[in-house]
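K.L.:
Just dropping this structure here.
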Amino acid sequence: MVAALVRLRLLVLLGSLKRSIGQLIAVIIGGLYGLFVLGMVIVGLFALNLAPVEIVRAVVVLAGSTLTLGWAILPLFFSVEQTLDAPHLAVYPIPLNKLLTGLLISGVVAIPGAITMVASVFTFGSWLRMPGIAVLALLCGIAGALLCIMLSRAVTSAAAGLASGRRFREAAGILIFIPLVLLGPIIVGVTSSLRHSADALPSLGDAMSWTPLGAIWAIPSQAALGDPLGAVLRALIGAATIAVVFLVWRWGLSRALVTPVHAASRVRAQGKLGLFGRLPATPAGAIAARCLLYWFRDPRYVRQLVIIPVMPILFWFYSSLTHFHALLLWSGPMVAFLLGVTLIADVSYDSTAFVLHVSKGVPGRADRWGRASAVLTFGLPAAVAVTLITAGASQQWMLVPGLLGLAFGLLLGGLAVCSVTSAVLVYPAPAPGDNPFKTRPGANTALLGSTFLTWGVLALLTAPEIVLLIVNVVTGQLLWGWIALVVGAALGPISLAIGVRIGGGILDRRAPQLLMQLRKDA
């Protein structure tokens, strides 16, 4: 049974490679990049032979602690392999212990698990000057990698019931995405702190060696320092951690096999139509109402709304870092740009629900207008508000008209271009109810080409506003900014009308093909 589960996992991996040529190319490129990074890690581990034992101890313990913490946290952000999860296996009479063993080994042979195992095992390379310690490090590396894989499974199983709730997913879509967007400033801040406190790293490594995250990784270094009692104590902490994680995983898996999680639903009282009662009773109005509900309730959309308040924070941080304070002013156009190109994923997010558009014969133009109107409802006020607030914060009001003109052009032009491209192409997107950060096979490859095409066309459409704004900045004459505002306010709606007309015609012809592709990717 264990061999069958492992073989199934390998067949799933092989099947994903055969999905398409683009998917195979993406996997090859990603694999080469991963091998390069893994090779650099291995070289670095062997290079630690030249460093003092205290430095080796600090590096290995801190890196191992970070790796373990990553395996515990990332499953909450990004989905793990879905083929061998409990809901798929609940219908088979597999003994629980054999299932646990099979899932553990299948996690090792998966690409993330295999990379983790190889990197962990090669920690022995840091102790080649002490052969006995090197053997101990090899064993501890295997134990540390298995702990990482079990920890990810335990966290996923324990959080499965909570994560199935809609309110949890909506809140997670916001709370999780914010630190991911701010990852750059966080990394810069941590790096700067470590640079100014390099002497504190050994002390930090010593503190982490007494925690469940770093105890296993500290065993070889304690033995190398001539502290057998410390090595034994840390081994006990590591063994206790593995035992607790295994029991939590076993409990979560057994619970999921007996009572699979399900999403809760809520029925609205009769006669309360919400947005459907407030917007026009037309096909475009109904689609706009539905899309607005998605934008503020679906975690896949909510995570894109986070860019509205976060983008000024990012630009403020980088403007402070570079002392180029005018950079903050570009927050408004950037928000407009990012909201404008979101429509490229709208049909893909519909998944098989798009069948309603096809079966009811919704005109393509109504579909395009409805989706674009939903984004304009909040996107236009957001772009204007961010532009005015950042201008007030930087006390540079002269550029406001030009920035608003560019923001109008980017938002309306982006919706125009995406009205066409989303009628031609769909890509594998997270299904409704899935983890909003889930990456479907082939998604990145399919989205890459259409994204660059959209950006290129949008750059051509907004070229007049960009040129006028540049002239405004160079000459310092406010007249050019007002001209840019007039041009953006005039060309934007024209571009959107043309894009909706072209995209609507394409959608009328290609709706059945899009539905077939969506069903294939579901």
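Each chain in the structure tokens gets a letter, A, B, ..., in the order shown, and its residues are numbered from 1; ligands are numbered from 1 in order too.
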Quick one: residues within 9 Å of Val108 (chain A), only C-alpha atoms, excluding same-chain residues fewer than 4 positions away - as a list in words?
P.N.:
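Skipping anything fewer than 4 positions along the chain leaves Leu103, Leu104, Pro112, Gly113, Ala114, Ile115, Thr116, Met117, Ala145, Leu146 and Ile149 of chain A.
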K.L.:
Enumerate, as a PyMOL selection string, the complete set of residues in region 331-489 of chain A that a backbone-based DSSP assignment places in helix (DSSP H, G or I).
P.N.:
chain A and resi 331-359+364-394+397-424+443-461+463-475+478-489
K.L.:
Rounded to one decimal, what separation in Å do you get between CA of Gly370 (chain A) and CA of Ala484 (chain A)?
P.N.:
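One can read the CA of Gly370 (chain A) to CA of Ala484 (chain A) distance as 27.7 Å.
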K.L.:
Excluding Gly492 (chain A) and any residue of its chain fewer than 2 positions from it, enumerate the residues within 10 Å of it, using only C-alpha atoms, and give them as a list of chain:residue names.
P.N.:
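The contact residues come out as A:Gly405, A:Leu406, A:Ala407, A:Phe408, A:Gly409, A:Leu410, A:Leu411, A:Leu412, A:Gly413, A:Gly414, A:Leu415, A:Ala416, A:Leu461, A:Thr462, A:Val486, A:Val487, A:Gly488, A:Ala489, A:Ala490, A:Ile494, A:Ser495, A:Leu496, A:Ala497.
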K.L.:
For N, CA and C atoms, I'd like the residues from the last selection saved as a PDB file, in the first residue's frame.
P.N.:
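Saved result, selection_4.pdb, follows:
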ATOM      1  N   GLY A 405      -4.502  62.125 -15.135  1.00  0.00           N
ATOM      2  CA  GLY A 405      -4.693  61.746 -16.537  1.00  0.00           C
ATOM      3  C   GLY A 405      -4.082  60.397 -16.842  1.00  0.00           C
ATOM      4  N   LEU A 406      -2.871  60.155 -16.329  1.00  0.00           N
ATOM      5  CA  LEU A 406      -2.231  58.860 -16.549  1.00  0.00           C
ATOM      6  C   LEU A 406      -3.001  57.748 -15.845  1.00  0.00           C
ATOM      7  N   ALA A 407      -3.501  58.022 -14.633  1.00  0.00           N
ATOM      8  CA  ALA A 407      -4.270  57.012 -13.902  1.00  0.00           C
ATOM      9  C   ALA A 407      -5.545  56.647 -14.662  1.00  0.00           C
ATOM     10  N   PHE A 408      -6.246  57.647 -15.206  1.00  0.00           N
ATOM     11  CA  PHE A 408      -7.443  57.363 -16.000  1.00  0.00           C
ATOM     12  C   PHE A 408      -7.098  56.496 -17.214  1.00  0.00           C
ATOM     13  N   GLY A 409      -6.010  56.851 -17.881  1.00  0.00           N
ATOM     14  CA  GLY A 409      -5.615  56.099 -19.063  1.00  0.00           C
ATOM     15  C   GLY A 409      -5.241  54.664 -18.729  1.00  0.00           C
ATOM     16  N   LEU A 410      -4.503  54.477 -17.642  1.00  0.00           N
ATOM     17  CA  LEU A 410      -4.087  53.127 -17.269  1.00  0.00           C
ATOM     18  C   LEU A 410      -5.266  52.268 -16.832  1.00  0.00           C
ATOM     19  N   LEU A 411      -6.178  52.834 -16.046  1.00  0.00           N
ATOM     20  CA  LEU A 411      -7.313  52.059 -15.561  1.00  0.00           C
ATOM     21  C   LEU A 411      -8.263  51.699 -16.694  1.00  0.00           C
ATOM     22  N   LEU A 412      -8.702  52.694 -17.442  1.00  0.00           N
ATOM     23  CA  LEU A 412      -9.654  52.438 -18.527  1.00  0.00           C
ATOM     24  C   LEU A 412      -8.997  51.683 -19.681  1.00  0.00           C
ATOM     25  N   GLY A 413      -7.741  52.036 -19.988  1.00  0.00           N
ATOM     26  CA  GLY A 413      -7.036  51.310 -21.044  1.00  0.00           C
ATOM     27  C   GLY A 413      -6.780  49.861 -20.665  1.00  0.00           C
ATOM     28  N   GLY A 414      -6.421  49.613 -19.389  1.00  0.00           N
ATOM     29  CA  GLY A 414      -6.213  48.239 -18.951  1.00  0.00           C
ATOM     30  C   GLY A 414      -7.475  47.416 -19.053  1.00  0.00           C
ATOM     31  N   LEU A 415      -8.609  47.986 -18.651  1.00  0.00           N
ATOM     32  CA  LEU A 415      -9.885  47.289 -18.785  1.00  0.00           C
ATOM     33  C   LEU A 415     -10.219  47.040 -20.244  1.00  0.00           C
ATOM     34  N   ALA A 416      -9.866  47.978 -21.116  1.00  0.00           N
ATOM     35  CA  ALA A 416     -10.130  47.807 -22.540  1.00  0.00           C
ATOM     36  C   ALA A 416      -9.340  46.642 -23.117  1.00  0.00           C
ATOM     37  N   LEU A 461      -1.374  52.449 -25.725  1.00  0.00           N
ATOM     38  CA  LEU A 461      -2.600  53.231 -25.545  1.00  0.00           C
ATOM     39  C   LEU A 461      -2.370  54.450 -24.652  1.00  0.00           C
ATOM     40  N   THR A 462      -1.518  54.307 -23.661  1.00  0.00           N
ATOM     41  CA  THR A 462      -1.292  55.408 -22.715  1.00  0.00           C
ATOM     42  C   THR A 462      -0.049  56.225 -23.046  1.00  0.00           C
ATOM     43  N   VAL A 486      -6.903  65.987 -19.601  1.00  0.00           N
ATOM     44  CA  VAL A 486      -7.965  66.013 -20.629  1.00  0.00           C
ATOM     45  C   VAL A 486      -7.795  64.830 -21.587  1.00  0.00           C
ATOM     46  N   VAL A 487      -6.554  64.581 -22.002  1.00  0.00           N
ATOM     47  CA  VAL A 487      -6.308  63.471 -22.939  1.00  0.00           C
ATOM     48  C   VAL A 487      -6.673  62.140 -22.284  1.00  0.00           C
ATOM     49  N   GLY A 488      -6.255  61.934 -21.019  1.00  0.00           N
ATOM     50  CA  GLY A 488      -6.579  60.682 -20.337  1.00  0.00           C
ATOM     51  C   GLY A 488      -8.065  60.505 -20.137  1.00  0.00           C
ATOM     52  N   ALA A 489      -8.768  61.600 -19.765  1.00  0.00           N
ATOM     53  CA  ALA A 489     -10.210  61.519 -19.553  1.00  0.00           C
ATOM     54  C   ALA A 489     -10.970  61.319 -20.856  1.00  0.00           C
ATOM     55  N   ALA A 490     -10.372  61.682 -21.989  1.00  0.00           N
ATOM     56  CA  ALA A 490     -11.036  61.520 -23.287  1.00  0.00           C
ATOM     57  C   ALA A 490     -10.692  60.187 -23.937  1.00  0.00           C
ATOM     58  N   ILE A 494     -12.861  56.163 -24.651  1.00  0.00           N
ATOM     59  CA  ILE A 494     -12.890  55.721 -26.049  1.00  0.00           C
ATOM     60  C   ILE A 494     -12.224  54.345 -26.171  1.00  0.00           C
ATOM     61  N   SER A 495     -11.069  54.181 -25.529  1.00  0.00           N
ATOM     62  CA  SER A 495     -10.377  52.890 -25.557  1.00  0.00           C
ATOM     63  C   SER A 495     -11.246  51.798 -24.954  1.00  0.00           C
ATOM     64  N   LEU A 496     -11.907  52.105 -23.838  1.00  0.00           N
ATOM     65  CA  LEU A 496     -12.750  51.101 -23.189  1.00  0.00           C
ATOM     66  C   LEU A 496     -13.924  50.712 -24.078  1.00  0.00           C
ATOM     67  N   ALA A 497     -14.550  51.692 -24.712  1.00  0.00           N
ATOM     68  CA  ALA A 497     -15.678  51.387 -25.594  1.00  0.00           C
ATOM     69  C   ALA A 497     -15.237  50.495 -26.760  1.00  0.00           C
TER      70      ALA A 497
END
K.L.:
Between CA of Trp251 (chain A) and CA of Leu147 (chain A), measure the distance and give it in Å to one decimal.
P.N.:
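These two atoms are separated by 16.3 Å.
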K.L.:
Using only C-alpha atoms, pick whichever of A:Val118, A:Val53, A:Leu151, A:Ile287 has the shortest atom-to-atom distance to Asp350 (chain A).
P.N.:
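Residue with the minimum atom-to-atom distance to Asp350 (chain A): A:Ile287.
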K.L.:
Quick check, in Å to one decimal: how far apart do CA of Met311 (chain A) and CA of Met334 (chain A) lie?
P.N.:
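Computed distance, CA of Met311 (chain A) to CA of Met334 (chain A), equals 7.7 Å.
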K.L.:
Between A:Thr156, A:Ser422, A:Ser65, A:Ser320, which has the minimum distance to Ala207 (chain A) (counting only C-alpha atoms)?
P.N.:
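The closest residue to Ala207 (chain A) is A:Ser65.
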K.L.:
Give the answer as one residue: which of A:Gly379, A:Gly34, A:Pro493, A:Pro464 has the shortest atom-to-atom distance to Leu343 (chain A), using only C-alpha atoms?
P.N.:
A:Gly379
K.L.:
Counting only C-alpha atoms, figure out which residue out of A:Leu329, A:Asp508, A:Pro401, A:Gly481 gets nearest to Val362 (chain A).
P.N.:
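Once distances to Val362 (chain A) are computed over only C-alpha atoms, the minimum belongs to A:Asp508.
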K.L.:
If you count only C-alpha atoms, which residues fall within 7 Å of Thr352 (chain A), apart from same-chain ones fewer than 5 positions away, as a list in words?
P.N.:
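Final neighbour list, sorted by chain and number: Leu515, Leu518 and Arg519 of chain A.
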K.L.:
Would you pick out the contacts of region 119-126 of chain A at 10 Å or less, using only C-alpha atoms, so that residues sharing its chain but fewer than 3 positions from it are not included, and give the list as a tab-separated table (two decimals) with N, CA and C atoms, in the first residue's frame?
P.N.:
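The result, stored in out_23.tsv:
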chain	number	residue	atom	x	y	z
A	38	LEU	N	20.07	25.03	-5.14
A	38	LEU	CA	20.48	23.92	-4.30
A	38	LEU	C	21.99	23.72	-4.36
A	39	GLY	N	22.56	23.85	-5.55
A	39	GLY	CA	24.01	23.72	-5.69
A	39	GLY	C	24.75	24.80	-4.92
A	41	VAL	N	23.66	26.29	-2.23
A	41	VAL	CA	23.53	25.96	-0.81
A	41	VAL	C	24.54	24.90	-0.42
A	42	ILE	N	24.68	23.87	-1.25
A	42	ILE	CA	25.62	22.78	-0.94
A	42	ILE	C	27.06	23.31	-0.91
A	43	VAL	N	27.40	24.15	-1.89
A	43	VAL	CA	28.74	24.74	-1.91
A	43	VAL	C	28.97	25.56	-0.65
A	44	GLY	N	27.96	26.32	-0.23
A	44	GLY	CA	28.10	27.11	0.98
A	44	GLY	C	28.28	26.24	2.21
A	45	LEU	N	27.59	25.11	2.26
A	45	LEU	CA	27.74	24.21	3.41
A	45	LEU	C	29.15	23.63	3.47
A	46	PHE	N	29.69	23.24	2.33
A	46	PHE	CA	31.06	22.72	2.33
A	46	PHE	C	32.06	23.83	2.67
A	47	ALA	N	31.76	25.06	2.24
A	47	ALA	CA	32.68	26.17	2.54
A	47	ALA	C	32.73	26.47	4.02
A	48	LEU	N	31.72	26.07	4.77
A	48	LEU	CA	31.72	26.32	6.22
A	48	LEU	C	32.80	25.54	6.95
A	49	ASN	N	33.42	24.57	6.26
A	49	ASN	CA	34.53	23.85	6.88
A	49	ASN	C	35.67	24.80	7.26
A	50	LEU	N	35.75	25.92	6.56
A	50	LEU	CA	36.83	26.87	6.81
A	50	LEU	C	36.50	27.85	7.94
A	51	ALA	N	35.26	27.79	8.42
A	51	ALA	CA	34.83	28.75	9.44
A	51	ALA	C	34.96	28.14	10.84
A	53	VAL	N	33.86	26.82	14.54
A	53	VAL	CA	32.71	25.99	14.91
A	53	VAL	C	31.53	26.85	15.34
A	56	VAL	N	29.75	28.08	12.25
A	56	VAL	CA	29.03	26.97	11.61
A	56	VAL	C	27.75	26.67	12.39
A	57	ARG	N	27.89	26.66	13.70
A	57	ARG	CA	26.73	26.38	14.56
A	57	ARG	C	25.63	27.41	14.34
A	60	VAL	N	24.04	27.03	10.64
A	60	VAL	CA	23.25	25.82	10.44
A	60	VAL	C	21.97	25.87	11.29
A	64	GLY	N	18.42	26.10	9.59
A	64	GLY	CA	17.51	24.99	9.83
A	64	GLY	C	16.23	25.43	10.51
A	67	LEU	N	14.10	27.10	7.87
A	67	LEU	CA	13.54	26.08	6.98
A	67	LEU	C	12.35	25.39	7.64
A	113	GLY	N	9.97	18.44	-1.13
A	113	GLY	CA	10.51	17.54	-0.12
A	113	GLY	C	11.88	17.01	-0.49
A	114	ALA	N	12.05	16.69	-1.77
A	114	ALA	CA	13.35	16.15	-2.21
A	114	ALA	C	14.45	17.20	-2.08
A	115	ILE	N	14.14	18.44	-2.45
A	115	ILE	CA	15.13	19.51	-2.32
A	115	ILE	C	15.49	19.73	-0.85
A	116	THR	N	14.47	19.73	0.01
A	116	THR	CA	14.72	19.90	1.44
A	116	THR	C	15.57	18.77	1.99
A	129	ARG	N	35.84	17.97	8.55
A	129	ARG	CA	37.07	17.95	9.35
A	129	ARG	C	36.92	17.07	10.59
A	130	MET	N	35.65	16.73	10.93
A	130	MET	CA	35.36	15.85	12.06
A	130	MET	C	34.46	14.73	11.56
A	131	PRO	N	35.00	13.61	11.08
A	131	PRO	CA	34.19	12.56	10.44
A	131	PRO	C	33.04	12.06	11.31
A	132	GLY	N	33.29	11.89	12.61
A	132	GLY	CA	32.22	11.41	13.48
A	132	GLY	C	31.07	12.40	13.55
A	133	ILE	N	31.39	13.68	13.66
A	133	ILE	CA	30.36	14.73	13.69
A	133	ILE	C	29.63	14.79	12.35
A	134	ALA	N	30.36	14.54	11.24
A	134	ALA	CA	29.74	14.56	9.92
A	134	ALA	C	28.66	13.49	9.81
A	135	VAL	N	28.94	12.28	10.33
A	135	VAL	CA	27.93	11.20	10.31
A	135	VAL	C	26.72	11.60	11.15
A	136	LEU	N	26.97	12.19	12.32
A	136	LEU	CA	25.87	12.65	13.18
A	136	LEU	C	25.04	13.73	12.48
A	137	ALA	N	25.73	14.64	11.77
A	137	ALA	CA	25.02	15.70	11.04
A	137	ALA	C	24.16	15.13	9.93
A	138	LEU	N	24.65	14.08	9.28
A	138	LEU	CA	23.87	13.43	8.21
A	138	LEU	C	22.57	12.86	8.79
A	139	LEU	N	22.66	12.17	9.92
A	139	LEU	CA	21.46	11.60	10.55
A	139	LEU	C	20.51	12.70	11.01
A	140	CYS	N	21.06	13.75	11.59
A	140	CYS	CA	20.22	14.86	12.04
A	140	CYS	C	19.57	15.58	10.86
A	141	GLY	N	20.29	15.65	9.73
A	141	GLY	CA	19.70	16.26	8.54
A	141	GLY	C	18.49	15.48	8.05
A	142	ILE	N	18.58	14.15	8.06
A	142	ILE	CA	17.44	13.33	7.65
A	142	ILE	C	16.27	13.55	8.60
A	143	ALA	N	16.56	13.55	9.91
A	143	ALA	CA	15.50	13.76	10.89
A	143	ALA	C	14.87	15.15	10.74
A	144	GLY	N	15.71	16.16	10.49
A	144	GLY	CA	15.19	17.51	10.32
A	144	GLY	C	14.30	17.64	9.09
A	145	ALA	N	14.68	17.01	7.98
A	145	ALA	CA	13.86	17.06	6.77
A	145	ALA	C	12.53	16.35	6.98
A	146	LEU	N	12.56	15.18	7.63
A	146	LEU	CA	11.31	14.47	7.91
A	146	LEU	C	10.41	15.29	8.83
A	217	TRP	N	18.90	20.64	14.60
A	217	TRP	CA	20.01	21.15	13.81
A	217	TRP	C	21.22	21.49	14.68
A	220	PRO	N	24.73	18.27	16.18
A	220	PRO	CA	26.14	18.07	15.78
A	220	PRO	C	27.08	19.14	16.33
